[in-house]
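As stored in input_4.csv (CSV, C-alpha atoms):
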chain,number,residue,atom,x,y,z
A,1,MET,CA,-61.7,208.6,110.5
A,2,LEU,CA,-58.6,207.6,108.6
A,3,GLY,CA,-56.8,210.1,106.5
A,4,LEU,CA,-57.7,208.4,103.2
A,5,LEU,CA,-59.4,209.9,100.2
A,6,ASP,CA,-61.9,207.0,100.5
A,7,HIS,CA,-63.2,208.6,103.7
A,8,ARG,CA,-63.6,212.0,102.3
A,9,ASP,CA,-67.2,211.5,101.2
A,10,VAL,CA,-68.1,210.5,104.8
A,11,ALA,CA,-66.7,213.8,106.0
A,12,LEU,CA,-68.4,215.8,103.3
A,13,ARG,CA,-71.8,214.2,103.8
A,14,ALA,CA,-71.6,215.0,107.5
A,15,VAL,CA,-70.7,218.6,106.8
A,16,SER,CA,-73.4,218.9,104.1
A,17,ALA,CA,-76.0,217.6,106.6
A,18,ALA,CA,-74.7,219.9,109.3
A,19,CYS,CA,-75.3,222.9,107.0
A,20,LYS,CA,-79.0,222.4,107.4
A,21,LEU,CA,-78.7,223.2,111.1
A,22,VAL,CA,-77.7,226.8,110.7
A,23,THR,CA,-81.1,228.0,109.5
A,24,ALA,CA,-84.7,227.0,109.8
A,25,ARG,CA,-85.1,227.6,106.1
A,26,PRO,CA,-82.5,225.6,104.2
A,27,LYS,CA,-82.9,225.2,100.4
A,28,GLN,CA,-83.0,229.0,99.8
A,29,PRO,CA,-80.6,230.1,97.1
A,30,GLU,CA,-78.3,231.8,99.6
A,31,TRP,CA,-78.2,228.6,101.7
A,32,ASN,CA,-77.4,226.5,98.6
A,33,GLU,CA,-74.5,228.7,97.9
A,34,PHE,CA,-73.5,228.6,101.6
A,35,ARG,CA,-73.5,224.8,101.6
A,36,THR,CA,-71.6,224.7,98.2
A,37,HIS,CA,-68.9,226.9,99.6
A,38,VAL,CA,-68.6,225.0,102.9
A,39,VAL,CA,-68.5,221.5,101.3
A,40,SER,CA,-66.0,222.7,98.7
A,41,ALA,CA,-63.7,224.3,101.2
A,42,VAL,CA,-63.8,221.3,103.6
A,43,GLY,CA,-63.2,218.9,100.7
A,44,GLU,CA,-60.0,220.8,99.8
A,45,ALA,CA,-58.9,220.8,103.5
A,46,PHE,CA,-59.4,217.1,103.7
A,47,ASN,CA,-57.4,216.6,100.4
A,48,ASN,CA,-54.6,218.7,101.8
A,49,ILE,CA,-54.3,216.6,104.9
A,50,VAL,CA,-54.3,213.3,103.0
A,51,LEU,CA,-52.0,214.4,100.2
A,52,HIS,CA,-49.6,216.6,102.1
A,53,SER,CA,-49.8,216.2,105.9
A,54,TYR,CA,-49.9,212.4,105.6
A,55,ALA,CA,-48.5,212.2,102.1
A,56,GLY,CA,-49.1,208.6,101.3
A,57,ARG,CA,-49.4,207.2,104.8
A,58,SER,CA,-52.5,205.0,105.2
A,59,ASP,CA,-52.6,205.0,109.0
A,60,GLY,CA,-53.1,208.7,109.6
A,61,LEU,CA,-56.1,209.9,111.6
A,62,ILE,CA,-58.3,212.9,110.9
A,63,GLU,CA,-60.5,214.1,113.6
A,64,MET,CA,-63.4,216.3,112.6
A,65,GLU,CA,-65.6,218.4,114.8
A,66,ILE,CA,-68.5,220.4,113.5
A,67,HIS,CA,-70.1,223.3,115.5
A,68,THR,CA,-73.3,224.9,114.2
A,69,GLU,CA,-75.2,227.8,115.6
A,70,SER,CA,-77.7,230.1,114.1
A,71,GLN,CA,-76.4,231.4,110.7
A,72,ARG,CA,-72.9,229.9,111.3
A,73,ILE,CA,-70.9,226.8,110.9
A,74,THR,CA,-67.4,226.0,112.1
A,75,VAL,CA,-65.5,222.8,111.1
A,76,GLU,CA,-62.3,221.8,112.9
A,77,LEU,CA,-60.0,219.3,111.3
A,78,ARG,CA,-57.2,217.8,113.4
A,79,ASP,CA,-54.4,215.7,112.0
A,80,TYR,CA,-51.1,214.3,113.3
A,81,GLY,CA,-49.0,214.5,110.1
A,82,GLU,CA,-46.5,217.0,108.8
A,83,SER,CA,-47.4,220.7,109.4
A,84,PHE,CA,-47.4,223.2,106.7
A,85,ASP,CA,-46.9,226.9,106.5
A,86,LEU,CA,-50.3,228.3,105.3
A,87,GLU,CA,-48.9,231.8,105.0
A,88,SER,CA,-46.2,230.7,102.6
A,89,VAL,CA,-48.7,229.5,100.0
A,90,ALA,CA,-48.8,232.2,97.3
A,91,GLU,CA,-52.1,233.1,95.7
A,92,PRO,CA,-52.3,231.5,92.2
A,93,ASP,CA,-52.2,233.7,89.1
A,94,LEU,CA,-55.6,232.7,87.6
A,95,ASP,CA,-54.8,234.3,84.3
A,96,GLN,CA,-52.1,231.7,83.8
A,97,LEU,CA,-54.7,228.9,84.2
A,98,PRO,CA,-52.7,227.0,86.9
A,99,GLU,CA,-53.3,223.3,87.1
A,100,SER,CA,-52.3,222.9,90.8
A,101,GLY,CA,-52.0,225.0,93.9
A,102,LEU,CA,-55.7,225.9,93.9
A,103,GLY,CA,-56.8,224.0,97.0
A,104,ILE,CA,-55.9,226.6,99.7
A,105,PHE,CA,-57.1,229.4,97.4
A,106,ILE,CA,-60.5,227.7,97.2
A,107,MET,CA,-60.5,227.2,101.0
A,108,ARG,CA,-59.7,230.9,101.6
A,109,ALA,CA,-62.2,232.2,99.1
A,110,PHE,CA,-65.1,230.2,100.5
A,111,MET,CA,-64.5,230.2,104.2
A,112,SER,CA,-62.4,231.9,107.0
A,113,ILE,CA,-59.6,229.6,107.9
A,114,ARG,CA,-57.2,229.4,110.9
A,115,TYR,CA,-54.3,226.9,111.1
A,116,ARG,CA,-52.4,226.0,114.2
A,117,PRO,CA,-49.4,223.7,113.5
A,118,GLY,CA,-48.5,221.2,116.1
A,119,HIS,CA,-49.5,217.8,117.4
A,120,PRO,CA,-52.2,217.7,116.3
A,121,ASN,CA,-52.3,220.3,113.5
A,122,VAL,CA,-55.6,222.1,113.8
A,123,LEU,CA,-57.3,223.7,110.8
A,124,THR,CA,-60.5,225.6,111.6
A,125,LEU,CA,-62.8,226.7,108.8
A,126,SER,CA,-65.8,228.9,109.5
A,127,LYS,CA,-68.5,230.7,107.6
A,128,SER,CA,-71.6,232.7,108.2
A,129,LEU,CA,-74.7,232.1,106.2
A,130,SER,CA,-75.3,235.8,105.8
A,131,THR,CA,-71.9,236.2,104.1
A,132,SER,CA,-72.2,235.1,100.5
A,133,GLU,CA,-68.6,235.8,99.7
A,134,GLY,CA,-65.5,234.3,101.2
A,135,ALA,CA,-63.7,235.6,104.2
A,136,PRO,CA,-66.7,235.8,106.5
B,137,MET,CA,-67.3,209.0,88.9
B,138,THR,CA,-68.2,207.7,85.5
B,139,PHE,CA,-67.4,209.1,82.2
B,140,SER,CA,-68.0,208.4,78.6
B,141,ILE,CA,-66.4,209.5,75.4
B,142,SER,CA,-68.2,209.7,72.0
B,143,ILE,CA,-67.2,211.0,68.7
B,144,SER,CA,-69.6,212.5,66.2
B,145,GLU,CA,-69.4,212.0,62.5
B,146,ALA,CA,-68.1,215.6,62.3
B,147,GLY,CA,-65.2,214.6,64.5
B,148,VAL,CA,-66.4,216.4,67.6
B,149,ILE,CA,-65.4,214.6,70.8
B,150,ARG,CA,-67.9,214.6,73.6
B,151,LEU,CA,-66.5,213.8,77.0
B,152,SER,CA,-69.3,213.4,79.6
B,153,ILE,CA,-68.4,213.2,83.3
B,154,GLU,CA,-70.8,212.2,86.0
B,155,GLY,CA,-70.6,212.1,89.8
B,156,GLU,CA,-67.5,213.4,91.5
B,157,LEU,CA,-64.3,214.6,89.8
B,158,ASP,CA,-61.9,214.9,92.6
B,159,ALA,CA,-58.6,213.8,94.0
B,160,MET,CA,-59.7,210.2,94.3
B,161,THR,CA,-61.2,209.8,90.9
B,162,VAL,CA,-59.1,212.1,88.7
B,163,SER,CA,-56.4,209.6,87.8
B,164,ASP,CA,-58.9,207.5,85.8
B,165,LEU,CA,-59.9,210.5,83.8
B,166,ARG,CA,-56.3,211.7,83.2
B,167,THR,CA,-55.4,208.2,81.8
B,168,GLU,CA,-58.3,208.5,79.4
B,169,ILE,CA,-57.4,212.0,78.4
B,170,GLU,CA,-53.8,210.9,77.6
B,171,LYS,CA,-55.3,208.3,75.2
B,172,LEU,CA,-57.6,210.9,73.7
B,173,LEU,CA,-54.8,213.3,73.0
B,174,MET,CA,-53.0,210.7,70.9
B,175,ARG,CA,-55.6,211.2,68.1
B,176,GLN,CA,-56.3,214.2,65.9
B,177,ILE,CA,-58.1,216.7,68.0
B,178,GLY,CA,-60.5,219.4,66.7
B,179,ARG,CA,-63.3,220.3,69.0
B,180,VAL,CA,-63.8,218.8,72.4
B,181,GLU,CA,-67.1,219.3,74.3
B,182,VAL,CA,-67.0,218.5,78.0
B,183,ASP,CA,-70.4,217.8,79.3
B,184,LEU,CA,-70.6,218.5,83.1
B,185,SER,CA,-74.3,218.5,83.4
B,186,MET,CA,-74.3,215.4,85.5
B,187,LEU,CA,-71.2,216.4,87.6
B,188,ARG,CA,-72.1,216.8,91.2
B,189,MET,CA,-68.7,217.7,92.8
B,190,LEU,CA,-65.5,219.2,91.4
B,191,ASP,CA,-62.4,219.8,93.4
B,192,SER,CA,-59.0,221.4,92.6
B,193,SER,CA,-57.6,218.1,91.4
B,194,GLY,CA,-60.4,217.7,89.0
B,195,VAL,CA,-59.9,221.3,87.8
B,196,GLY,CA,-56.3,220.5,87.2
B,197,ALA,CA,-57.2,217.7,84.8
B,198,LEU,CA,-59.7,219.9,82.9
B,199,VAL,CA,-57.3,222.7,82.6
B,200,SER,CA,-54.6,220.3,81.4
B,201,LEU,CA,-57.0,219.0,78.8
B,202,TYR,CA,-57.8,222.5,77.7
B,203,LYS,CA,-54.2,223.5,77.4
B,204,GLN,CA,-53.2,220.4,75.5
B,205,VAL,CA,-56.1,220.6,73.0
B,206,ARG,CA,-55.4,224.3,72.4
B,207,ALA,CA,-51.7,223.6,71.9
B,208,ARG,CA,-52.8,221.2,69.1
B,209,GLY,CA,-54.9,223.8,67.5
B,210,GLY,CA,-58.2,222.5,68.8
B,211,GLU,CA,-60.8,224.0,71.1
B,212,VAL,CA,-62.5,222.9,74.3
B,213,VAL,CA,-66.0,223.9,75.3
B,214,VAL,CA,-67.5,223.1,78.7
B,215,LEU,CA,-71.3,222.4,78.7
B,216,GLY,CA,-73.9,222.1,81.4
B,217,LEU,CA,-72.2,223.6,84.3
B,218,ARG,CA,-74.3,224.0,87.4
B,219,ASP,CA,-74.3,224.0,91.2
B,220,GLN,CA,-71.0,223.3,92.9
B,221,PRO,CA,-68.9,222.8,89.7
B,222,LEU,CA,-70.2,226.1,88.4
B,223,ALA,CA,-69.2,227.9,91.7
B,224,ILE,CA,-65.7,226.5,91.3
B,225,PHE,CA,-65.5,227.5,87.7
B,226,ARG,CA,-66.6,231.0,88.5
B,227,LEU,CA,-64.2,231.4,91.5
B,228,LEU,CA,-61.3,230.3,89.3
B,229,ARG,CA,-62.5,232.4,86.4
B,230,LEU,CA,-62.6,229.3,84.2
B,231,ASP,CA,-66.1,230.2,83.0
B,232,ARG,CA,-64.6,233.0,81.0
B,233,VAL,CA,-62.2,230.8,79.2
B,234,MET,CA,-63.7,227.3,78.8
B,235,VAL,CA,-67.4,228.1,78.6
B,236,GLY,CA,-68.0,229.6,75.2
B,237,ALA,CA,-70.9,231.6,73.8
B,238,GLU,CA,-71.6,228.6,71.5
B,239,VAL,CA,-72.5,226.5,74.5
B,240,GLN,CA,-76.0,225.8,73.2
B,241,SER,CA,-75.0,224.7,69.7
B,242,THR,CA,-73.8,221.2,70.6
B,243,THR,CA,-73.3,218.6,67.9
B,244,PRO,CA,-75.2,215.3,68.2
B,245,ALA,CA,-72.8,212.6,69.0
B,246,THR,CA,-72.7,208.9,68.1
B,247,PRO,CA,-73.4,206.4,70.8
B,248,PRO,CA,-70.6,206.0,73.4
B,249,LYS,CA,-67.6,204.0,72.3
B,250,HIS,CA,-66.1,203.8,75.8
B,251,ARG,CA,-67.5,203.8,79.2
B,252,ASN,CA,-65.5,203.5,82.4
B,253,PRO,CA,-67.3,203.1,85.6
B,254,THR,CA,-65.1,203.8,88.6
B,255,SER,CA,-65.9,204.7,92.1
Show me, as structure tokens, the structure contained in the file I just sent.
Amino acid sequence: MLGLLDHRDVALRAVSAACKLVTARPKQPEWNEFRTHVVSAVGEAFNNIVLHSYAGRSDGLIEMEIHTESQRITVELRDYGESFDLESVAEPDLDQLPESGLGIFIMRAFMSIRYRPGHPNVLTLSKSLSTSEGAP
Amino acid sequence: MTFSISISEAGVIRLSIEGELDAMTVSDLRTEIEKLLMRQIGRVEVDLSMLRMLDSSGVGALVSLYKQVRARGGEVVVLGLRDQPLAIFRLLRLDRVMVGAEVQSTTPATPPKHRNPTS
């Protein structure tokens, strides 16, 4: 899909639907939380690519691959824009009520993430259903 | 996202946001917030009971509103949080700041004076 915010809902609908495949009993409270975390984190990842990797370009591509298995989902996002240094992003001071710089914090809190800069840049987000907190 | 703004006879401003408040839709809300802040501000109630999705961009707009209203001596109370937006509020600890104990005692508002359907 194109790296446009207009296409984000397509990605998130696919991710939300894929969350149903990790368990035979979706709709349980822990599954609702799982899906909320996954959709939130992938949404932030998509934003990051559009707003920072492609930074205003309208012809950038985002490739998304979703892997599901029992109790676990992995979402891989590939882009061909500017790379960024994930480790250099400082954790926000929540007591100061920051208005920006929260996207990567949300991603990290809700899913495990790996980033490999290059061509393409590859961001991999994963989460286990049995892990209610982030960093599964 | 759609949003509406109404003002009660007591001067309480009710901002109701429906749908998705995210990077794509937030600029519409920010524009309206700027207009809102040009008037005298007392209490602002932000009704998020119909909000399905909130991302970090949307959080930025709400926190900005909160800070600016507070700087003018007013208060902001968020109402109706649930599901995904509630998870974001809790993660960012905004529920401790913007969701007050008086959540249930909302003031009836006059019919909407503005409605802005967007995406």
*Would you list the contacts of B:Leu222 as a PyMOL selection string, taking every protein, DNA or RNA residue within 9 Å and counting only C-alpha atoms, but skipping same-chain residues closer than 5 positions in sequence?*
chain B and resi 190+216-217+227+231
_Interface residues on chain B facing chain A, 9 Å, only C-alpha atoms, written as number ranges by chain_ = B: 159-160, 189-193, 195-200, 203, 219-220, 223-224, 227-230
*Counting all atoms listed in the file, what is within 8 Å of A:Glu63, bar same-chain residues fewer than 5 positions away, as a list of chain:residue names?*
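Neighbouring residues, sequence-local ones excluded: A:Met1, A:Glu76, A:Leu77, A:Arg78, A:Asp79.
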*Could you check which of B:Phe225, B:Leu215, B:Val235, B:Arg150 is closest to B:Met186, using all atoms listed in the file?*
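Using all atoms listed in the file, the shortest distance to B:Met186 belongs to B:Leu215.
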*Smallest atom-to-atom distance to B:Leu201: which of B:Ile153, B:Ile169, B:Val213, B:Arg179, using all atoms listed in the file?*
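Closest to B:Leu201 of all the choices is B:Ile169.
Interatomic distance, atom CA of A:Glu69 to atom CA of A:Leu12: 18.5 Å.
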*Two-atom distance - atom CA of A:Gly60, atom CA of A:Ala14 (Å)*: 19.7 Å
_Non-local contacts of A:Val42 (8 Å; all atoms listed in the file; under 4 positions in same chain excluded) as a PyMOL selection string_ = chain A and resi 12+38+46+75+107+125
*Work out how far atom CA of A:Arg108 is from atom CA of A:Ser126, in Å to one decimal.*
10.2 Å
Generate N, CA and C atoms for stretch 140-159 of chain B and emit them as a PDB file, in the coordinates of the input.
ATOM      1  N   SER B 140     -67.908 209.054  79.889  1.00  0.00           N
ATOM      2  CA  SER B 140     -68.000 208.400  78.600  1.00  0.00           C
ATOM      3  C   SER B 140     -67.473 209.353  77.522  1.00  0.00           C
ATOM      4  N   ILE B 141     -66.980 208.746  76.463  1.00  0.00           N
ATOM      5  CA  ILE B 141     -66.400 209.500  75.400  1.00  0.00           C
ATOM      6  C   ILE B 141     -67.122 209.085  74.083  1.00  0.00           C
ATOM      7  N   SER B 142     -67.601 210.018  73.329  1.00  0.00           N
ATOM      8  CA  SER B 142     -68.200 209.700  72.000  1.00  0.00           C
ATOM      9  C   SER B 142     -67.663 210.658  70.997  1.00  0.00           C
ATOM     10  N   ILE B 143     -67.729 210.222  69.760  1.00  0.00           N
ATOM     11  CA  ILE B 143     -67.200 211.000  68.700  1.00  0.00           C
ATOM     12  C   ILE B 143     -68.250 211.137  67.579  1.00  0.00           C
ATOM     13  N   SER B 144     -68.605 212.346  67.219  1.00  0.00           N
ATOM     14  CA  SER B 144     -69.600 212.500  66.200  1.00  0.00           C
ATOM     15  C   SER B 144     -69.036 212.310  64.810  1.00  0.00           C
ATOM     16  N   GLU B 145     -69.916 212.215  63.830  1.00  0.00           N
ATOM     17  CA  GLU B 145     -69.400 212.000  62.500  1.00  0.00           C
ATOM     18  C   GLU B 145     -68.588 213.210  62.002  1.00  0.00           C
ATOM     19  N   ALA B 146     -68.862 214.377  62.601  1.00  0.00           N
ATOM     20  CA  ALA B 146     -68.100 215.600  62.300  1.00  0.00           C
ATOM     21  C   ALA B 146     -66.734 215.609  62.981  1.00  0.00           C
ATOM     22  N   GLY B 147     -66.494 214.612  63.817  1.00  0.00           N
ATOM     23  CA  GLY B 147     -65.200 214.600  64.500  1.00  0.00           C
ATOM     24  C   GLY B 147     -65.193 215.268  65.854  1.00  0.00           C
ATOM     25  N   VAL B 148     -66.357 215.743  66.299  1.00  0.00           N
ATOM     26  CA  VAL B 148     -66.400 216.400  67.600  1.00  0.00           C
ATOM     27  C   VAL B 148     -66.388 215.346  68.702  1.00  0.00           C
ATOM     28  N   ILE B 149     -65.488 215.545  69.628  1.00  0.00           N
ATOM     29  CA  ILE B 149     -65.400 214.600  70.800  1.00  0.00           C
ATOM     30  C   ILE B 149     -66.201 215.121  71.912  1.00  0.00           C
ATOM     31  N   ARG B 150     -67.059 214.251  72.420  1.00  0.00           N
ATOM     32  CA  ARG B 150     -67.900 214.600  73.600  1.00  0.00           C
ATOM     33  C   ARG B 150     -67.438 213.797  74.775  1.00  0.00           C
ATOM     34  N   LEU B 151     -66.964 214.485  75.792  1.00  0.00           N
ATOM     35  CA  LEU B 151     -66.500 213.800  77.000  1.00  0.00           C
ATOM     36  C   LEU B 151     -67.574 214.195  78.104  1.00  0.00           C
ATOM     37  N   SER B 152     -68.305 213.193  78.568  1.00  0.00           N
ATOM     38  CA  SER B 152     -69.300 213.400  79.600  1.00  0.00           C
ATOM     39  C   SER B 152     -68.853 212.830  80.914  1.00  0.00           C
ATOM     40  N   ILE B 153     -68.898 213.652  81.953  1.00  0.00           N
ATOM     41  CA  ILE B 153     -68.400 213.200  83.300  1.00  0.00           C
ATOM     42  C   ILE B 153     -69.543 213.312  84.271  1.00  0.00           C
ATOM     43  N   GLU B 154     -69.753 212.224  84.984  1.00  0.00           N
ATOM     44  CA  GLU B 154     -70.800 212.200  86.000  1.00  0.00           C
ATOM     45  C   GLU B 154     -70.278 211.932  87.374  1.00  0.00           C
ATOM     46  N   GLY B 155     -70.979 212.451  88.373  1.00  0.00           N
ATOM     47  CA  GLY B 155     -70.600 212.100  89.800  1.00  0.00           C
ATOM     48  C   GLY B 155     -69.626 213.115  90.336  1.00  0.00           C
ATOM     49  N   GLU B 156     -68.501 212.614  90.800  1.00  0.00           N
ATOM     50  CA  GLU B 156     -67.500 213.400  91.500  1.00  0.00           C
ATOM     51  C   GLU B 156     -66.179 213.366  90.775  1.00  0.00           C
ATOM     52  N   LEU B 157     -65.678 214.502  90.367  1.00  0.00           N
ATOM     53  CA  LEU B 157     -64.300 214.600  89.800  1.00  0.00           C
ATOM     54  C   LEU B 157     -63.432 215.203  90.812  1.00  0.00           C
ATOM     55  N   ASP B 158     -62.680 214.364  91.511  1.00  0.00           N
ATOM     56  CA  ASP B 158     -61.900 214.900  92.600  1.00  0.00           C
ATOM     57  C   ASP B 158     -60.584 214.112  92.753  1.00  0.00           C
ATOM     58  N   ALA B 159     -59.898 214.361  93.852  1.00  0.00           N
ATOM     59  CA  ALA B 159     -58.600 213.800  94.000  1.00  0.00           C
ATOM     60  C   ALA B 159     -58.571 212.264  93.946  1.00  0.00           C
TER      61      ALA B 159
END
